[in-house]
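Right, one structure below, let's go through it.
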Amino acid sequence: MAARTSLTAKNLELLGAERLAALLIEISAGSTAAKRRLRLELAGAQSPAELAKEVRKRLAAIARSRSFVDWQGIRSLADDLDTQRHAIVETVAKGDPAEALDLLWRFMALAASVFDRCDDSNGIVSSIFHDACRAIGDVALVARSMPATLADRTFDALVANDYGQFDGLISIVAPALGQAGLEHLKQRMIELSNRPLTRPAEKDRVKIGWSSSGSICADEMAERSRSSTVHHALRDIADAMGDVDAFIEQFDEQTRKTPKIAAEIARRLLAAGRTVEAWQIIETTEHPQRSGHWDWPDFEWEDARIDVLDALGRTDDAQAARWACFERSLSASHLRAYLKRLPDFDDVEAEKKALDYAQRVRNLLHALSFLVAWPALERAASLVLQRADELDGDHYEILTRVAEALAGKYPLAATLALRAMIDFSLRTGRSTRYRHAARHLLDCSGLSSAIADFGRFEPHVAYAARLRREHGKKSSFWSFVD
């Protein structure tokens, strides 16, 4: 009997079409969203054209809406938008790709007005627009859009990309644009960049903000936006056309020397088989002045450099670079790549050398993170016991993982990691952490039975008693414990 009453499609079919129809009418009576969904289903059952007409009507209604949607209503708006997107992509596109493509452009045109009137702090609505944007490429291919027409619509979209809803559009539509469409789009962007500036008279300029150098005017922001749109579009077009030189031209000589840009250029040159030029770009990179004892690598640049060294056949130099990245950052990925390229048995000795090095690193928490993740739990436990007084309980995101990893085989080390977090919370009066600290204290109690010898550290009973003496007035903490 229980199986027959479960809400499954098979069981509901037993009710029959007439009863199900009556139930749907009853259930949708108080739900606008349900009514919209049913209307879409009915329209889709007639034909893709009827469904397209229904979707078009709904998109127009959303465009007219001016009411603000707060975080409580955002899910309803997101569901409405996603229902329309799904209807376009899954049904209309299969029957009439050209109509579906037009509907997708209309759907994307809603972005500005929707974002203006909703609280999308959790990113639900933006993800739906990004899904719709990605669908444009596939639908445009099936619709066999004219390259110039598609390029013009792409141009208009990029110029109006105020909320990032069209990010990545060029790579999305590139297969449908083809070389002719990409060239057309490139010319439109060049024309935009060459368009004469129309700066208003000083008295008519609208100030919209301030910077260290003075006021910021609306016309200045508009020009910056135009310049940025052209720059990013020409970069993406160059990538889509496989034109490395056009990509490089988007950066001045000085910018090409920054690590991030140098890495991007080097990778493209490498893919084009221009290895020597890639190395020249890497070699001319100018790194900002580093300060402090922790010389953190710029991984994007370092990885590009390693790949170029490998392509040049300089395997020893590439290995040295991998090891240097490991030493500077305890990067597990670089160490694994280093070990993978060593002859058999040499990797065992090299791994021991790396783990020895990690245990000597000045930054204790960084060393523990690496050793636990590798994993080298015995070494991590040994490090905790050796440098327990240095454990910074403020870094709960690291010490929680350390305690969990060590609890099984190394209960004393796990206990010390937990105590560090408890002590920090109580010593600094972090009441928001008291509930977690109380749980940590309970975990310490459970671990104590597995610890035969606390050595130089307080046994659990003595530790708990001391907490009572020193922090007995922190009643909210003890309420969680008790």
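The way I read the labels, and the way they are meant: chains A, B, ... in the order of the structure tokens, residue 1 as the first residue of every chain, and ligand 1 as the first ligand shown, with later ones counted on from there.
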Nearby residues (only C-alpha atoms) at most 10 Å from segment 299-316 of chain A, same-chain spacing under 4 positions excluded, as a ChimeraX atom specification: /A:258-267,269-270,273-279,281-283,285,320-322,324-325,329,331,334,341
Saved selection, atoms kept: N, CA and C atoms, as a compact mmCIF listing (two decimals), in the first residue's frame:
```txt
# COMPACT_ATOMS: atom_id res chain seq x y z
N THR A 258 54.19 42.50 -17.65
CA THR A 258 53.61 42.10 -16.37
C THR A 258 53.41 40.59 -16.37
N PRO A 259 53.58 39.93 -15.22
CA PRO A 259 53.54 38.46 -15.19
C PRO A 259 52.27 37.86 -15.79
N LYS A 260 51.11 38.38 -15.46
CA LYS A 260 49.86 37.78 -15.93
C LYS A 260 49.75 37.85 -17.45
N ILE A 261 50.00 39.04 -18.00
CA ILE A 261 49.88 39.21 -19.45
C ILE A 261 50.98 38.45 -20.18
N ALA A 262 52.17 38.48 -19.62
CA ALA A 262 53.28 37.74 -20.24
C ALA A 262 52.95 36.25 -20.32
N ALA A 263 52.33 35.72 -19.25
CA ALA A 263 51.95 34.31 -19.24
C ALA A 263 50.90 34.02 -20.31
N GLU A 264 49.90 34.90 -20.45
CA GLU A 264 48.86 34.70 -21.45
C GLU A 264 49.44 34.73 -22.87
N ILE A 265 50.34 35.68 -23.11
CA ILE A 265 50.97 35.77 -24.44
C ILE A 265 51.84 34.55 -24.71
N ALA A 266 52.63 34.16 -23.71
CA ALA A 266 53.53 33.02 -23.89
C ALA A 266 52.76 31.75 -24.21
N ARG A 267 51.66 31.53 -23.55
CA ARG A 267 50.87 30.32 -23.80
C ARG A 267 50.33 30.30 -25.23
N LEU A 269 51.65 31.89 -27.84
CA LEU A 269 52.79 31.68 -28.74
C LEU A 269 53.21 30.21 -28.74
N LEU A 270 53.17 29.62 -27.56
CA LEU A 270 53.54 28.21 -27.44
C LEU A 270 52.57 27.33 -28.23
N GLY A 273 53.26 27.22 -31.80
CA GLY A 273 54.55 26.65 -32.18
C GLY A 273 55.68 27.66 -32.21
N ARG A 274 55.46 28.84 -31.65
CA ARG A 274 56.48 29.90 -31.66
C ARG A 274 57.19 29.92 -30.30
N THR A 275 57.91 28.83 -30.04
CA THR A 275 58.47 28.59 -28.71
C THR A 275 59.54 29.62 -28.33
N VAL A 276 60.41 29.97 -29.26
CA VAL A 276 61.49 30.91 -28.96
C VAL A 276 60.90 32.27 -28.57
N GLU A 277 59.87 32.72 -29.29
CA GLU A 277 59.23 33.99 -28.96
C GLU A 277 58.55 33.92 -27.60
N ALA A 278 57.98 32.75 -27.29
CA ALA A 278 57.35 32.57 -25.98
C ALA A 278 58.38 32.74 -24.87
N TRP A 279 59.56 32.17 -25.09
CA TRP A 279 60.62 32.31 -24.08
C TRP A 279 61.08 33.76 -23.94
N ILE A 281 59.28 36.40 -24.32
CA ILE A 281 58.27 37.11 -23.53
C ILE A 281 58.44 36.79 -22.05
N ILE A 282 58.66 35.51 -21.74
CA ILE A 282 58.84 35.10 -20.34
C ILE A 282 60.06 35.77 -19.74
N GLU A 283 61.14 35.82 -20.50
CA GLU A 283 62.40 36.37 -20.00
C GLU A 283 62.34 37.87 -19.76
N THR A 285 59.79 39.52 -18.60
CA THR A 285 58.78 39.85 -17.59
C THR A 285 59.41 40.63 -16.45
N ALA A 320 63.92 22.27 -12.11
CA ALA A 320 64.40 23.22 -11.10
C ALA A 320 63.33 24.26 -10.78
N ALA A 321 62.59 24.67 -11.80
CA ALA A 321 61.52 25.65 -11.59
C ALA A 321 60.38 25.04 -10.77
N ARG A 322 60.05 23.79 -11.04
CA ARG A 322 59.00 23.12 -10.26
C ARG A 322 59.41 23.02 -8.79
N ALA A 324 61.53 24.90 -7.22
CA ALA A 324 61.55 26.26 -6.64
C ALA A 324 60.15 26.69 -6.25
N CYS A 325 59.16 26.38 -7.08
CA CYS A 325 57.76 26.71 -6.75
C CYS A 325 57.33 25.99 -5.48
N SER A 329 56.29 27.88 -1.89
CA SER A 329 54.87 27.90 -1.55
C SER A 329 54.33 26.60 -0.98
N SER A 331 53.72 24.05 -2.73
CA SER A 331 52.70 23.67 -3.71
C SER A 331 52.76 22.18 -3.97
N HIS A 334 53.01 21.19 -7.77
CA HIS A 334 54.34 21.31 -8.37
C HIS A 334 55.27 20.20 -7.88
N ARG A 341 58.40 13.16 -12.84
CA ARG A 341 59.39 13.17 -13.92
C ARG A 341 60.74 12.62 -13.49
```
Who sits within 8 Å of Asp394 of chain A, only C-alpha atoms, same chain under 5 positions skipped, as a VMD selection string: chain A and resid 421 424 to 425
Can you write just those residues out, C-alpha atoms, as a PDB file, in the first residue's frame?
```
ATOM      1  CA  MET A 421      41.094  26.956  18.882  1.00  0.00           C
ATOM      2  CA  PHE A 424      41.913  31.510  21.293  1.00  0.00           C
ATOM      3  CA  SER A 425      38.109  31.761  21.452  1.00  0.00           C
TER       4      SER A 425
END
```
Which residues, written as JSON, numbers by chain, have at least one atom at most 12 Å from Glu327 of chain A, with only C-alpha atoms counted and residues fewer than 5 positions away on the same chain left out? {"A": [294, 295, 296, 297, 320, 321, 322, 332, 334, 335, 338, 353, 354, 355, 356, 357, 358, 359, 360, 361, 362, 366, 367, 370]}
Go ahead and write the selection's residues with N, CA and C atoms as a PDB file, in the first residue's frame.
```
ATOM      1  N   TRP A 294      58.408  35.702   2.722  1.00  0.00           N
ATOM      2  CA  TRP A 294      57.662  34.682   1.971  1.00  0.00           C
ATOM      3  C   TRP A 294      57.505  35.121   0.524  1.00  0.00           C
ATOM      4  N   ASP A 295      58.330  34.559  -0.304  1.00  0.00           N
ATOM      5  CA  ASP A 295      58.385  34.935  -1.715  1.00  0.00           C
ATOM      6  C   ASP A 295      57.387  34.087  -2.497  1.00  0.00           C
ATOM      7  N   TRP A 296      56.130  34.506  -2.496  1.00  0.00           N
ATOM      8  CA  TRP A 296      55.065  33.682  -3.084  1.00  0.00           C
ATOM      9  C   TRP A 296      55.130  33.729  -4.609  1.00  0.00           C
ATOM     10  N   PRO A 297      55.065  32.578  -5.265  1.00  0.00           N
ATOM     11  CA  PRO A 297      55.175  32.556  -6.726  1.00  0.00           C
ATOM     12  C   PRO A 297      53.926  33.111  -7.406  1.00  0.00           C
ATOM     13  N   ALA A 320      63.923  22.274 -12.111  1.00  0.00           N
ATOM     14  CA  ALA A 320      64.403  23.220 -11.098  1.00  0.00           C
ATOM     15  C   ALA A 320      63.328  24.256 -10.779  1.00  0.00           C
ATOM     16  N   ALA A 321      62.591  24.672 -11.802  1.00  0.00           N
ATOM     17  CA  ALA A 321      61.524  25.651 -11.594  1.00  0.00           C
ATOM     18  C   ALA A 321      60.382  25.045 -10.775  1.00  0.00           C
ATOM     19  N   ARG A 322      60.050  23.788 -11.042  1.00  0.00           N
ATOM     20  CA  ARG A 322      58.997  23.118 -10.256  1.00  0.00           C
ATOM     21  C   ARG A 322      59.410  23.022  -8.791  1.00  0.00           C
ATOM     22  N   ALA A 332      51.695  21.478  -3.573  1.00  0.00           N
ATOM     23  CA  ALA A 332      51.646  20.031  -3.755  1.00  0.00           C
ATOM     24  C   ALA A 332      51.626  19.662  -5.236  1.00  0.00           C
ATOM     25  N   HIS A 334      53.012  21.194  -7.770  1.00  0.00           N
ATOM     26  CA  HIS A 334      54.342  21.313  -8.373  1.00  0.00           C
ATOM     27  C   HIS A 334      55.266  20.200  -7.877  1.00  0.00           C
ATOM     28  N   LEU A 335      55.121  19.817  -6.612  1.00  0.00           N
ATOM     29  CA  LEU A 335      55.944  18.720  -6.109  1.00  0.00           C
ATOM     30  C   LEU A 335      55.570  17.407  -6.803  1.00  0.00           C
ATOM     31  N   TYR A 338      57.018  17.383 -10.176  1.00  0.00           N
ATOM     32  CA  TYR A 338      58.469  17.199 -10.080  1.00  0.00           C
ATOM     33  C   TYR A 338      58.801  15.720  -9.877  1.00  0.00           C
ATOM     34  N   LYS A 353      63.079  14.342   0.944  1.00  0.00           N
ATOM     35  CA  LYS A 353      63.721  15.658   1.022  1.00  0.00           C
ATOM     36  C   LYS A 353      62.670  16.764   1.093  1.00  0.00           C
ATOM     37  N   ALA A 354      61.593  16.630   0.301  1.00  0.00           N
ATOM     38  CA  ALA A 354      60.535  17.642   0.282  1.00  0.00           C
ATOM     39  C   ALA A 354      59.795  17.691   1.610  1.00  0.00           C
ATOM     40  N   LEU A 355      59.488  16.517   2.161  1.00  0.00           N
ATOM     41  CA  LEU A 355      58.761  16.480   3.435  1.00  0.00           C
ATOM     42  C   LEU A 355      59.632  17.005   4.574  1.00  0.00           C
ATOM     43  N   ASP A 356      60.915  16.701   4.518  1.00  0.00           N
ATOM     44  CA  ASP A 356      61.845  17.265   5.518  1.00  0.00           C
ATOM     45  C   ASP A 356      61.836  18.786   5.432  1.00  0.00           C
ATOM     46  N   TYR A 357      61.859  19.281   4.204  1.00  0.00           N
ATOM     47  CA  TYR A 357      61.852  20.730   4.004  1.00  0.00           C
ATOM     48  C   TYR A 357      60.567  21.333   4.573  1.00  0.00           C
ATOM     49  N   ALA A 358      59.422  20.696   4.299  1.00  0.00           N
ATOM     50  CA  ALA A 358      58.138  21.220   4.772  1.00  0.00           C
ATOM     51  C   ALA A 358      58.117  21.325   6.289  1.00  0.00           C
ATOM     52  N   GLN A 359      58.714  20.365   6.966  1.00  0.00           N
ATOM     53  CA  GLN A 359      58.718  20.394   8.429  1.00  0.00           C
ATOM     54  C   GLN A 359      59.577  21.524   8.995  1.00  0.00           C
ATOM     55  N   ARG A 360      60.468  22.057   8.161  1.00  0.00           N
ATOM     56  CA  ARG A 360      61.339  23.145   8.633  1.00  0.00           C
ATOM     57  C   ARG A 360      60.803  24.523   8.275  1.00  0.00           C
ATOM     58  N   VAL A 361      59.712  24.594   7.527  1.00  0.00           N
ATOM     59  CA  VAL A 361      59.179  25.885   7.087  1.00  0.00           C
ATOM     60  C   VAL A 361      58.767  26.738   8.286  1.00  0.00           C
ATOM     61  N   ARG A 362      59.074  28.005   8.208  1.00  0.00           N
ATOM     62  CA  ARG A 362      58.781  28.893   9.318  1.00  0.00           C
ATOM     63  C   ARG A 362      57.281  29.032   9.576  1.00  0.00           C
ATOM     64  N   HIS A 366      51.020  26.797   7.441  1.00  0.00           N
ATOM     65  CA  HIS A 366      51.194  26.455   6.024  1.00  0.00           C
ATOM     66  C   HIS A 366      51.802  25.066   5.891  1.00  0.00           C
ATOM     67  N   ALA A 367      52.778  24.775   6.744  1.00  0.00           N
ATOM     68  CA  ALA A 367      53.414  23.458   6.722  1.00  0.00           C
ATOM     69  C   ALA A 367      52.407  22.367   7.084  1.00  0.00           C
ATOM     70  N   PHE A 370      50.001  21.605   4.225  1.00  0.00           N
ATOM     71  CA  PHE A 370      50.623  20.785   3.196  1.00  0.00           C
ATOM     72  C   PHE A 370      50.750  19.334   3.644  1.00  0.00           C
TER      73      PHE A 370
END
```
Could you tell me which of A:Leu101, A:Leu158, A:Met108, A:Leu368 comes closest to Val142 of chain A if we count only C-alpha atoms?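 The shortest atom-to-atom distance to Val142 of chain A comes from A:Leu101.
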Report as a PyMOL selection string: the residues of segment 133-216 of chain A with a DSSP assignment of alpha helix (DSSP H), based on the backbone of this structure. chain A and resi 133-143+147-159+169-194
Can I get the residues of segment 102-203 of chain A within 12 Å of segment 70-84 of chain A, each with the closest pair of atoms and their distance in Å to one decimal, using only C-alpha atoms, sorted chain first then ascending number, as a Markdown table?
```
| residue | atom | partner | partner_atom | distance |
| --- | --- | --- | --- | --- |
| A:Leu103 | CA | A:Gln84 | CA | 9.5 |
| A:Leu104 | CA | A:Gln84 | CA | 9.5 |
| A:Arg106 | CA | A:Gln84 | CA | 11.1 |
| A:Phe107 | CA | A:Gln84 | CA | 8.3 |
| A:Met108 | CA | A:Leu81 | CA | 10.4 |
| A:Leu110 | CA | A:Leu81 | CA | 9.8 |
| A:Ala111 | CA | A:Leu81 | CA | 10.4 |
| A:Val114 | CA | A:Leu77 | CA | 9.2 |
| A:Phe115 | CA | A:Ile74 | CA | 10.8 |
| A:Asp116 | CA | A:Asp70 | CA | 11.5 |
| A:Arg117 | CA | A:Asp70 | CA | 8.5 |
| A:Cys118 | CA | A:Asp70 | CA | 5.9 |
| A:Asp119 | CA | A:Asp70 | CA | 5.2 |
| A:Asp120 | CA | A:Ile74 | CA | 7.1 |
| A:Ser121 | CA | A:Trp71 | CA | 7.9 |
| A:Asn122 | CA | A:Trp71 | CA | 8.6 |
| A:Gly123 | CA | A:Ile74 | CA | 9.9 |
| A:Ile124 | CA | A:Ala78 | CA | 6.6 |
| A:Val125 | CA | A:Ala78 | CA | 5.4 |
| A:Ser126 | CA | A:Ala78 | CA | 9.0 |
| A:Ser127 | CA | A:Ala78 | CA | 9.3 |
| A:Ile128 | CA | A:Asp82 | CA | 6.3 |
| A:Phe129 | CA | A:Leu81 | CA | 8.6 |
| A:His130 | CA | A:Asp82 | CA | 11.1 |
| A:Asp131 | CA | A:Asp82 | CA | 9.1 |
| A:Ala132 | CA | A:Asp82 | CA | 8.8 |
```
Deliver the residues from the most recent selection as a file, using C-alpha atoms, as an mmCIF file, in the first residue's frame.
```cif
data_model
loop_
_atom_site.group_PDB
_atom_site.id
_atom_site.type_symbol
_atom_site.label_atom_id
_atom_site.label_comp_id
_atom_site.auth_asym_id
_atom_site.auth_seq_id
_atom_site.Cartn_x
_atom_site.Cartn_y
_atom_site.Cartn_z
ATOM 1 C CA LEU A 103 13.775 34.860 -28.227
ATOM 2 C CA LEU A 104 17.144 34.277 -26.582
ATOM 3 C CA ARG A 106 15.066 39.170 -26.201
ATOM 4 C CA PHE A 107 15.567 37.156 -23.038
ATOM 5 C CA MET A 108 19.089 38.535 -22.612
ATOM 6 C CA LEU A 110 15.864 41.733 -19.925
ATOM 7 C CA ALA A 111 19.083 41.556 -17.893
ATOM 8 C CA VAL A 114 15.929 42.729 -14.003
ATOM 9 C CA PHE A 115 19.207 43.422 -12.215
ATOM 10 C CA ASP A 116 18.140 47.018 -11.591
ATOM 11 C CA ARG A 117 15.152 45.854 -9.571
ATOM 12 C CA CYS A 118 16.292 42.756 -7.718
ATOM 13 C CA ASP A 119 18.635 41.644 -4.960
ATOM 14 C CA ASP A 120 20.760 39.000 -6.653
ATOM 15 C CA SER A 121 23.452 38.813 -3.981
ATOM 16 C CA ASN A 122 23.428 35.006 -4.157
ATOM 17 C CA GLY A 123 23.909 35.015 -7.949
ATOM 18 C CA ILE A 124 20.853 32.899 -8.794
ATOM 19 C CA VAL A 125 19.507 35.246 -11.465
ATOM 20 C CA SER A 126 22.904 35.974 -13.025
ATOM 21 C CA SER A 127 23.558 32.248 -13.435
ATOM 22 C CA ILE A 128 20.316 31.910 -15.437
ATOM 23 C CA PHE A 129 21.344 34.723 -17.781
ATOM 24 C CA HIS A 130 24.764 33.123 -18.215
ATOM 25 C CA ASP A 131 23.070 29.821 -19.105
ATOM 26 C CA ALA A 132 20.922 31.629 -21.680
#
```
Would you kindly return, as a ChimeraX atom specification, each protein, DNA or RNA residue with an atom no farther than 12 Å from any atom of Glu191 of chain A, considering only C-alpha atoms and excluding same-chain residues fewer than 4 positions away? /A:155,184-187,195-196,226-227,230,234
Residues within 12 Å of segment 472-474 of chain A, only C-alpha atoms, excluding chain neighbours under 3 positions, as a count of residues only: 20
Rank nothing, just name the residue among A:Ala407, A:Leu364, A:Leu418, A:Ala246 nearest to Leu447 of chain A, using only C-alpha atoms.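 Checking each candidate against Leu447 of chain A, we get A:Ala407 as the closest.
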